[in-house]
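So this block is target-v2.csv, CSV, C-alpha atoms:
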```csv
chain,number,residue,atom,x,y,z
D,1,MET,CA,0.0,0.0,0.0
D,2,ARG,CA,1.4,3.3,-1.1
D,3,ARG,CA,1.2,6.4,1.0
D,4,ARG,CA,-1.4,8.0,-1.2
D,5,ASP,CA,-3.6,4.9,-0.9
D,6,ALA,CA,-3.4,5.4,2.9
D,7,VAL,CA,-4.9,8.9,2.3
D,8,TYR,CA,-7.8,7.4,0.4
D,9,VAL,CA,-8.4,4.8,3.2
D,10,ALA,CA,-8.2,7.4,5.9
D,11,VAL,CA,-10.6,9.9,4.2
D,12,GLY,CA,-12.9,6.9,3.5
D,13,LEU,CA,-12.8,5.9,7.2
D,14,CYS,CA,-13.7,9.4,8.3
D,15,PHE,CA,-16.4,9.8,5.6
D,16,GLY,CA,-18.0,6.4,6.4
D,17,PHE,CA,-17.9,7.0,10.1
D,18,MET,CA,-19.7,10.4,9.7
D,19,LEU,CA,-22.3,9.0,7.2
D,20,LEU,CA,-23.4,6.5,9.8
D,21,ALA,CA,-22.9,8.6,12.9
D,22,SER,CA,-24.8,11.6,11.4
D,23,GLY,CA,-27.9,9.4,11.0
D,24,LEU,CA,-27.9,9.9,7.2
D,25,ALA,CA,-27.6,6.1,6.7
D,26,ARG,CA,-31.0,5.6,8.4
D,27,TYR,CA,-34.2,5.2,6.3
D,28,ASP,CA,-36.2,7.1,8.9
D,29,VAL,CA,-34.0,10.1,9.0
D,30,ILE,CA,-33.9,10.5,5.1
D,31,HIS,CA,-37.7,9.8,4.9
D,32,ARG,CA,-38.4,12.5,7.6
D,33,MET,CA,-36.0,14.9,5.8
D,34,LEU,CA,-37.9,14.5,2.5
D,35,ARG,CA,-41.2,15.1,4.4
D,36,PHE,CA,-39.7,18.3,6.0
D,37,GLU,CA,-40.1,16.8,9.4
D,38,ASP,CA,-36.4,16.6,10.2
D,39,TRP,CA,-34.2,19.5,9.2
D,40,ASP,CA,-30.9,18.1,10.5
D,41,PRO,CA,-29.9,16.5,7.1
D,42,TYR,CA,-30.4,19.9,5.4
D,43,LEU,CA,-28.2,21.4,8.0
D,44,ILE,CA,-25.6,18.7,7.5
D,45,MET,CA,-25.7,19.4,3.7
D,46,ALA,CA,-25.4,23.1,4.2
D,47,SER,CA,-22.7,23.0,6.7
D,48,SER,CA,-20.6,20.4,4.8
D,49,ILE,CA,-20.8,22.5,1.6
D,50,GLY,CA,-20.4,25.6,3.6
D,51,THR,CA,-17.1,24.2,5.0
D,52,ALA,CA,-15.7,22.8,1.8
D,53,MET,CA,-16.7,25.5,-0.7
D,54,PRO,CA,-14.6,28.4,0.7
D,55,LEU,CA,-11.7,26.1,1.5
D,56,LEU,CA,-11.6,24.7,-2.1
D,57,TRP,CA,-12.1,28.2,-3.5
D,58,LEU,CA,-9.1,29.4,-1.5
D,59,LEU,CA,-6.9,26.4,-2.5
D,60,GLU,CA,-7.8,26.9,-6.2
D,61,ARG,CA,-7.2,30.6,-6.0
D,62,ARG,CA,-3.7,30.1,-4.5
D,63,GLY,CA,-2.8,27.5,-7.2
D,64,TRP,CA,-2.4,24.8,-4.6
D,65,VAL,CA,-0.2,21.8,-5.6
D,66,THR,CA,-1.3,18.6,-4.0
D,67,PRO,CA,1.4,16.3,-2.5
D,68,PHE,CA,0.0,13.2,-4.3
D,69,GLY,CA,-2.0,14.4,-7.3
D,70,GLY,CA,-0.2,17.3,-9.0
D,71,ALA,CA,-1.7,20.8,-9.3
D,72,LEU,CA,-5.2,21.1,-7.9
D,73,SER,CA,-7.9,21.2,-10.6
D,74,LEU,CA,-11.6,21.1,-9.5
D,75,LYS,CA,-13.7,18.9,-11.6
D,76,ARG,CA,-16.7,20.8,-12.9
D,77,LEU,CA,-19.5,19.3,-15.0
D,78,ALA,CA,-21.4,21.2,-17.7
D,79,LEU,CA,-25.1,21.8,-17.1
D,80,GLU,CA,-26.6,19.4,-19.7
D,81,SER,CA,-29.9,17.7,-20.0
D,82,ARG,CA,-28.5,14.4,-18.7
D,83,ARG,CA,-27.9,16.0,-15.3
D,84,ILE,CA,-31.6,16.9,-15.2
D,85,TYR,CA,-33.0,13.5,-16.3
D,86,GLY,CA,-30.4,11.5,-14.5
D,87,GLY,CA,-30.9,13.6,-11.3
D,88,MET,CA,-34.7,13.0,-11.5
D,89,VAL,CA,-34.3,9.2,-11.8
D,90,PHE,CA,-31.7,9.2,-9.0
D,91,GLY,CA,-34.0,11.2,-6.7
D,92,VAL,CA,-36.8,8.7,-7.1
D,93,GLY,CA,-34.5,5.8,-6.1
D,94,TRP,CA,-33.2,7.9,-3.2
D,95,ALA,CA,-36.7,8.5,-1.9
D,96,ILE,CA,-37.8,4.8,-2.3
D,97,THR,CA,-34.7,3.4,-0.4
D,98,GLY,CA,-33.9,6.2,1.9
D,99,ALA,CA,-30.4,5.6,0.9
D,100,CYS,CA,-27.9,6.9,-1.6
D,101,PRO,CA,-24.8,5.2,-3.0
D,102,GLY,CA,-22.6,6.4,-0.2
D,103,THR,CA,-25.0,5.6,2.7
D,104,VAL,CA,-25.8,2.1,1.2
D,105,SER,CA,-22.2,1.1,1.9
D,106,ALA,CA,-22.4,2.8,5.3
D,107,MET,CA,-25.5,1.0,6.3
D,108,ILE,CA,-24.0,-2.3,5.1
D,109,GLY,CA,-20.9,-1.6,7.2
D,110,GLY,CA,-23.2,-0.9,10.1
D,111,GLY,CA,-24.8,-4.3,9.7
D,112,CYS,CA,-27.9,-3.7,7.6
D,113,VAL,CA,-28.4,-6.9,5.5
D,114,LEU,CA,-31.2,-5.3,3.4
D,115,GLY,CA,-28.6,-2.8,2.2
D,116,LEU,CA,-27.3,-5.6,0.0
D,117,ALA,CA,-30.6,-5.6,-1.9
D,118,ILE,CA,-30.2,-1.9,-2.6
D,119,LEU,CA,-26.5,-2.4,-3.6
D,120,GLY,CA,-27.5,-5.2,-6.0
D,121,GLY,CA,-30.0,-2.8,-7.6
D,122,VAL,CA,-27.3,-0.1,-7.9
D,123,PHE,CA,-25.1,-2.6,-9.8
D,124,LEU,CA,-27.9,-3.6,-12.1
D,125,GLY,CA,-28.7,0.1,-12.8
D,126,LEU,CA,-25.1,0.9,-13.5
D,127,ARG,CA,-24.9,-2.1,-15.9
D,128,ALA,CA,-28.1,-1.1,-17.6
D,129,HIS,CA,-26.9,2.4,-18.2
D,130,MET,CA,-23.5,1.2,-19.5
D,131,ALA,CA,-25.3,-1.2,-21.9
D,132,MET,CA,-27.6,1.7,-23.1
D,133,GLU,CA,-24.6,4.0,-23.7
D,134,GLU,CA,-22.7,1.3,-25.6
D,135,ALA,CA,-25.8,0.6,-27.8
D,136,GLN,CA,-26.1,4.4,-28.4
D,137,THR,CA,-22.5,4.9,-29.3
D,138,GLY,CA,-22.7,1.8,-31.5
D,139,ARG,CA,-25.7,3.2,-33.4
D,140,ALA,CA,-23.9,6.6,-33.7
D,141,VAL,CA,-20.9,5.0,-35.3
D,142,VAL,CA,-23.1,3.1,-37.8
D,143,ALA,CA,-25.1,6.2,-38.5
D,144,ARG,CA,-21.9,8.2,-39.2
D,145,ALA,CA,-20.6,5.4,-41.4
D,146,GLN,CA,-23.8,5.4,-43.4
D,147,ALA,CA,-24.0,9.2,-43.7
D,148,ARG,CA,-20.5,9.3,-45.2
D,149,PRO,CA,-20.3,7.2,-48.4
D,150,GLU,CA,-17.0,5.4,-48.4
D,151,PRO,CA,-14.8,5.2,-51.6
D,152,ALA,CA,-15.6,2.2,-53.7
D,153,VAL,CA,-12.2,0.5,-53.0
D,154,ALA,CA,-12.6,0.8,-49.2
D,155,GLN,CA,-16.1,-0.5,-49.5
D,156,GLY,CA,-15.0,-3.6,-51.4
D,157,ALA,CA,-12.2,-4.2,-48.8
D,158,GLY,CA,-14.5,-3.7,-45.9
D,159,ALA,CA,-17.2,-6.1,-47.2
D,160,GLY,CA,-15.2,-9.2,-46.2
D,161,SER,CA,-14.7,-8.2,-42.5
R,1,MET,CA,-19.4,14.6,22.0
R,2,PRO,CA,-23.0,15.6,21.7
R,3,VAL,CA,-24.9,12.5,20.7
R,4,SER,CA,-28.7,11.9,21.0
R,5,ASN,CA,-30.3,8.6,20.0
R,6,GLY,CA,-27.0,7.4,18.7
R,7,ILE,CA,-26.8,10.4,16.2
R,8,LEU,CA,-23.9,12.8,16.3
R,9,ALA,CA,-25.0,16.5,16.2
R,10,TRP,CA,-25.2,18.0,12.7
R,11,TRP,CA,-22.8,20.8,13.5
R,12,ILE,CA,-20.0,18.2,14.1
R,13,ALA,CA,-21.0,15.8,11.3
R,14,GLY,CA,-21.6,18.4,8.6
R,15,PRO,CA,-18.2,20.3,8.9
R,16,ALA,CA,-16.4,16.9,9.3
R,17,ILE,CA,-18.0,15.6,6.0
R,18,GLY,CA,-17.0,18.9,4.4
R,19,LEU,CA,-13.4,18.4,5.6
R,20,CYS,CA,-13.3,14.9,4.0
R,21,VAL,CA,-14.1,16.6,0.6
R,22,VAL,CA,-11.3,19.2,1.2
R,23,ALA,CA,-8.8,16.6,2.4
R,24,LEU,CA,-9.3,14.4,-0.7
R,25,TYR,CA,-8.9,17.4,-3.1
R,26,ALA,CA,-6.0,19.1,-1.2
R,27,LEU,CA,-3.9,15.9,-0.7
R,28,ALA,CA,-4.6,14.0,-3.8
R,29,ASN,CA,-6.6,16.1,-6.3
R,30,ARG,CA,-9.5,13.7,-6.2
R,31,HIS,CA,-13.2,14.5,-6.4
R,32,LEU,CA,-15.0,12.7,-3.6
R,33,GLY,CA,-17.8,10.5,-4.9
R,34,VAL,CA,-19.0,7.0,-4.2
R,35,THR,CA,-20.8,5.9,-7.4
R,36,GLY,CA,-17.5,5.8,-9.3
R,37,ALA,CA,-16.3,3.1,-6.8
R,38,TYR,CA,-19.2,0.9,-7.8
R,39,GLY,CA,-18.3,1.4,-11.5
R,40,GLN,CA,-14.8,0.1,-10.6
R,41,LEU,CA,-16.4,-3.0,-8.9
R,42,VAL,CA,-18.5,-3.5,-12.1
R,43,ARG,CA,-15.2,-3.4,-14.1
R,44,LEU,CA,-13.7,-6.0,-11.7
R,45,LEU,CA,-16.7,-8.3,-12.0
R,46,SER,CA,-16.4,-8.1,-15.8
R,47,ARG,CA,-12.7,-9.1,-15.5
R,48,SER,CA,-11.3,-5.7,-16.6
R,49,ARG,CA,-8.7,-3.9,-14.5
R,50,PRO,CA,-9.9,-1.0,-12.4
R,51,ASP,CA,-8.7,2.3,-14.1
R,52,GLU,CA,-9.3,4.3,-10.9
R,53,PRO,CA,-8.1,2.0,-8.1
R,54,TRP,CA,-8.1,4.8,-5.6
R,55,ARG,CA,-11.9,4.6,-5.5
R,56,LEU,CA,-11.7,1.1,-4.1
R,57,TRP,CA,-9.4,2.1,-1.3
R,58,PHE,CA,-11.8,4.9,-0.5
R,59,LEU,CA,-14.8,2.5,-0.5
R,60,GLY,CA,-13.0,0.1,1.8
R,61,GLY,CA,-12.3,2.9,4.2
R,62,LEU,CA,-16.0,4.0,4.0
R,63,LEU,CA,-17.2,0.5,5.0
R,64,GLY,CA,-14.7,0.2,7.8
R,65,GLY,CA,-15.5,3.7,9.2
R,66,ALA,CA,-19.2,2.9,9.1
R,67,ALA,CA,-18.6,-0.4,10.9
R,68,VAL,CA,-16.7,1.4,13.7
R,69,ALA,CA,-19.5,4.0,14.0
R,70,GLY,CA,-22.0,1.3,14.3
R,71,VAL,CA,-20.1,-0.4,17.1
R,72,VAL,CA,-19.4,2.9,19.0
R,73,LEU,CA,-22.8,4.6,18.6
R,74,GLY,CA,-25.1,1.7,17.7
R,75,PHE,CA,-27.3,1.4,14.6
R,76,PRO,CA,-31.0,0.5,14.7
R,77,GLN,CA,-31.2,-0.6,11.1
R,78,ARG,CA,-29.3,-4.0,11.6
R,79,GLY,CA,-30.2,-7.3,10.0
R,80,THR,CA,-33.6,-7.0,8.3
R,81,ALA,CA,-34.7,-4.0,10.3
R,82,PHE,CA,-35.5,-1.1,7.9
R,83,GLY,CA,-37.1,1.7,10.0
R,84,VAL,CA,-40.7,2.7,9.4
R,85,LEU,CA,-40.6,1.2,5.9
R,86,GLY,CA,-39.7,-2.2,7.2
R,87,SER,CA,-42.5,-2.1,9.8
R,88,ARG,CA,-45.1,-1.2,7.1
R,89,VAL,CA,-44.1,-3.4,4.2
R,90,PRO,CA,-43.6,-7.2,4.4
R,91,LEU,CA,-40.1,-8.5,3.7
R,92,GLY,CA,-41.3,-10.2,0.4
R,93,VAL,CA,-42.3,-6.8,-0.9
R,94,LEU,CA,-39.5,-4.8,0.7
R,95,VAL,CA,-36.6,-6.6,-0.9
R,96,PRO,CA,-37.9,-6.1,-4.5
R,97,LEU,CA,-38.8,-2.5,-3.7
R,98,LEU,CA,-35.3,-1.8,-2.4
R,99,LEU,CA,-33.8,-3.6,-5.4
R,100,LEU,CA,-35.9,-1.4,-7.7
R,101,GLY,CA,-35.0,1.8,-5.9
R,102,GLY,CA,-31.3,0.7,-6.2
R,103,VAL,CA,-31.7,0.2,-10.0
R,104,ALA,CA,-33.1,3.8,-10.3
R,105,MET,CA,-30.2,5.1,-8.2
R,106,GLY,CA,-27.5,3.3,-10.2
R,107,PHE,CA,-29.0,4.2,-13.5
R,108,GLY,CA,-29.8,7.8,-12.6
R,109,ALA,CA,-26.4,8.4,-10.9
R,110,ARG,CA,-24.5,7.2,-14.0
R,111,TRP,CA,-26.7,9.2,-16.3
R,112,ALA,CA,-26.3,12.4,-14.2
R,113,GLY,CA,-22.6,11.8,-13.8
R,114,GLY,CA,-22.7,11.6,-10.0
R,115,CYS,CA,-24.8,10.9,-6.9
R,116,THR,CA,-25.5,12.7,-3.6
R,117,SER,CA,-21.8,12.8,-2.8
R,118,GLY,CA,-20.2,13.4,-6.2
R,119,ASN,CA,-22.7,15.9,-7.5
R,120,GLY,CA,-24.5,17.0,-4.3
R,121,LEU,CA,-21.7,17.4,-1.8
R,122,THR,CA,-18.5,17.7,-3.8
R,123,GLY,CA,-20.0,19.1,-7.0
R,124,CYS,CA,-21.7,21.9,-5.2
R,125,SER,CA,-18.6,22.6,-3.1
R,126,ALA,CA,-16.5,22.8,-6.2
R,127,ARG,CA,-19.1,25.2,-7.8
R,128,SER,CA,-19.8,22.8,-10.6
R,129,ALA,CA,-22.9,24.0,-12.6
R,130,GLY,CA,-23.8,20.4,-13.6
R,131,GLY,CA,-23.4,19.2,-10.0
R,132,MET,CA,-25.7,22.0,-8.8
R,133,GLY,CA,-28.3,21.3,-11.5
R,134,ALA,CA,-28.4,17.6,-10.8
R,135,THR,CA,-28.6,18.3,-7.0
R,136,MET,CA,-31.6,20.6,-7.5
R,137,MET,CA,-33.3,17.9,-9.7
R,138,PHE,CA,-32.8,15.0,-7.3
R,139,MET,CA,-33.9,17.0,-4.3
R,140,VAL,CA,-37.2,18.0,-6.1
R,141,ALA,CA,-37.7,14.4,-7.4
R,142,ALA,CA,-37.1,12.9,-4.0
R,143,VAL,CA,-39.6,15.2,-2.3
R,144,VAL,CA,-42.3,14.5,-4.9
R,145,ALA,CA,-41.6,10.7,-4.8
R,146,THR,CA,-41.7,10.7,-1.0
R,147,ALA,CA,-45.1,12.3,-1.1
R,148,ALA,CA,-46.3,9.7,-3.6
R,149,MET,CA,-44.8,6.9,-1.4
R,150,ARG,CA,-46.8,8.2,1.6
R,151,LEU,CA,-50.0,7.8,-0.4
R,152,LEU,CA,-49.1,4.3,-1.7
R,153,VAL,CA,-47.7,2.8,1.5
R,154,SER,CA,-49.5,5.0,4.1
R,155,LEU,CA,-46.1,5.7,5.8
```

Could you quickly redo this structure as structure tokens?
Amino acid sequence: MRRRDAVYVAVGLCFGFMLLASGLARYDVIHRMLRFEDWDPYLIMASSIGTAMPLLWLLERRGWVTPFGGALSLKRLALESRRIYGGMVFGVGWAITGACPGTVSAMIGGGCVLGLAILGGVFLGLRAHMAMEEAQTGRAVVARAQARPEPAVAQGAGAGS
Amino acid sequence: MPVSNGILAWWIAGPAIGLCVVALYALANRHLGVTGAYGQLVRLLSRSRPDEPWRLWFLGGLLGGAAVAGVVLGFPQRGTAFGVLGSRVPLGVLVPLLLLGGVAMGFGARWAGGCTSGNGLTGCSARSAGGMGATMMFMVAAVVATAAMRLLVSL
């Protein structure tokens, strides 16, 4: 195990401990949150982002160079339609199970056997999306090939393959 | 430490979770997120090498840390206990329901490019427009779906 791997394990330990200790890995807490009967999860969200956002901003502004991963570059995703649709589907799953991908592992670590059913579903969902994406890129490649007529020689050569 | 019903106060847990995000970025330039780790496990299951092994170290730590918290503070959702949902729904319905919810989560998280940690927590902290958009959508969808669940299951 390299020193950088120890960093990942240590941060994982702290994160997992806090996910379970905060109550976020309990169905009842998330369910009550989404019914606006328990505001602590919103306070956890706000205070965690409120802690991380200014510190990341400061590190980015100072051009921080990390000891194990080179110059700091914050990963930012573009606002596209997939964030909207994917987020909606994800939110429904979150509401049904009272768990998210992080807290599923936390509840399994805490001894929740039923968490394995959720985790199994997450794997199936990931596989399904991968398969859909592969089918889409496959179709896109075919469509591009059909839209662009190939020279007669190349077509003849390609027919055998 | 202030603990009630085995739950640590939000004003300790929240900033501590935020510091996990900062530590991972400041030490190793990594964007904290959990769904990616499951993607690595899927790769392992289909016999291809993980391209981001760090995620597996992180997931291992997460499991261990949660286990420690469960021992220290206790955890009511052990075995087949599942809070109020478990008390309302028989096990034969609960398991497929949880599986179905898991499928929606896995599919949606990969579609959106992240989950509550990657888009919600870390994406918002990094001022990622896509992360913030996905977060708003999953919050709204979850609140609506919870209201629908209450009608269906009389929770």

With only C-alpha atoms counted, which protein, DNA or RNA residues have an atom no more than 6 Å from (-24.4, 4.3, 4.6) in the file frame? Please answer as a ChimeraX atom specification. /D:19-20,25,102-107

So that I have them on file, write out the residues from the current selection with C-alpha atoms, as a PDB file, in the coordinates of the input.
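again_24.pdb, freshly written:
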```
ATOM      1  CA  LEU D  19     -22.300   9.000   7.200  1.00  0.00           C
ATOM      2  CA  LEU D  20     -23.400   6.500   9.800  1.00  0.00           C
ATOM      3  CA  ALA D  25     -27.600   6.100   6.700  1.00  0.00           C
ATOM      4  CA  GLY D 102     -22.600   6.400  -0.200  1.00  0.00           C
ATOM      5  CA  THR D 103     -25.000   5.600   2.700  1.00  0.00           C
ATOM      6  CA  VAL D 104     -25.800   2.100   1.200  1.00  0.00           C
ATOM      7  CA  SER D 105     -22.200   1.100   1.900  1.00  0.00           C
ATOM      8  CA  ALA D 106     -22.400   2.800   5.300  1.00  0.00           C
ATOM      9  CA  MET D 107     -25.500   1.000   6.300  1.00  0.00           C
TER      10      MET D 107
END
```

Could you name the residues that touch Asp38 of chain D at 12 Å or less, counting only C-alpha atoms, but leaving out those on the same chain fewer than 6 positions away, as a ChimeraX atom specification? /D:23-24,28-32,44 /R:10

Extract, using only C-alpha atoms, all DNA, RNA and protein residues at most 10 Å from Arg4 of chain D, discarding same-chain residues fewer than 4 positions from it, and format them as an mmCIF file with C-alpha atoms, in the frame of the given file.
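The result, written out as around.cif:
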```cif
data_model
loop_
_atom_site.group_PDB
_atom_site.id
_atom_site.type_symbol
_atom_site.label_atom_id
_atom_site.label_comp_id
_atom_site.auth_asym_id
_atom_site.auth_seq_id
_atom_site.Cartn_x
_atom_site.Cartn_y
_atom_site.Cartn_z
ATOM 1 C CA TYR D 8 -7.800 7.400 0.400
ATOM 2 C CA VAL D 9 -8.400 4.800 3.200
ATOM 3 C CA ALA D 10 -8.200 7.400 5.900
ATOM 4 C CA PRO D 67 1.400 16.300 -2.500
ATOM 5 C CA PHE D 68 0.000 13.200 -4.300
ATOM 6 C CA GLY D 69 -2.000 14.400 -7.300
ATOM 7 C CA LEU R 27 -3.900 15.900 -0.700
ATOM 8 C CA ALA R 28 -4.600 14.000 -3.800
ATOM 9 C CA TRP R 54 -8.100 4.800 -5.600
ATOM 10 C CA TRP R 57 -9.400 2.100 -1.300
#
```

Point (-32.6, 4.9, 16.0), cut-off 12 Å, counting only C-alpha atoms, residues as number ranges by chain: D: 20-29; R: 3-8, 70, 73-78, 81-84

Selected residue, from R:Leu24, R:Leu98, R:Ala109, R:Leu121, that lies nearest to Gly36 of chain R when counting all atoms listed in the file: R:Ala109

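With only C-alpha atoms as the basis for measurement, R:Val21 is the residue among R:Val68, R:Val21, R:Arg88, R:Arg150 that approaches Gly120 of chain R most closely.
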
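Remark: for Leu155 of chain R, the closest of the candidate residues R:Ile17, R:Val89, R:Ala26, R:Leu63 is R:Val89 (distances computed over all atoms listed in the file).
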
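Atom CA of Gly50 of chain D is found 22.8 Å from atom CA of Phe58 of chain R.
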
Report as number ranges by chain all protein, DNA and RNA residues lying within 10 Å of segment 74-87 of chain D, evaluated on all atoms listed in the file, omitting residues in the same chain fewer than 2 positions from it. D: 56-57, 59-60, 71-72, 89-92; R: 25, 29-31, 104-116, 119, 122-142

Go through D:Ala145, D:Ala52, D:Asp40, D:Trp94 one by one, measure the shortest atom-to-atom distance of each to Val144 of chain R using all atoms listed in the file, and give the residue with the smallest value. D:Trp94

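For the residues R:Ser46, R:Ser87, R:Thr35, R:Ser154, ranking by smallest atom-to-atom distance to chain D using only C-alpha atoms places R:Thr35 first.
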
Work out how far apart atom CA of Leu58 of chain D and atom CA of Ser73 of chain D are and give it in Å to one decimal. 12.3 Å

Report the distance between atom CA of Ala13 of chain R and atom CA of Met88 of chain D in Å, rounded to one decimal place. 26.7 Å

Restricting the calculation to all atoms listed in the file: of D:Arg35, D:Ser48, D:Cys112, D:Arg3, which residue gets closest to Val22 of chain R? D:Ser48
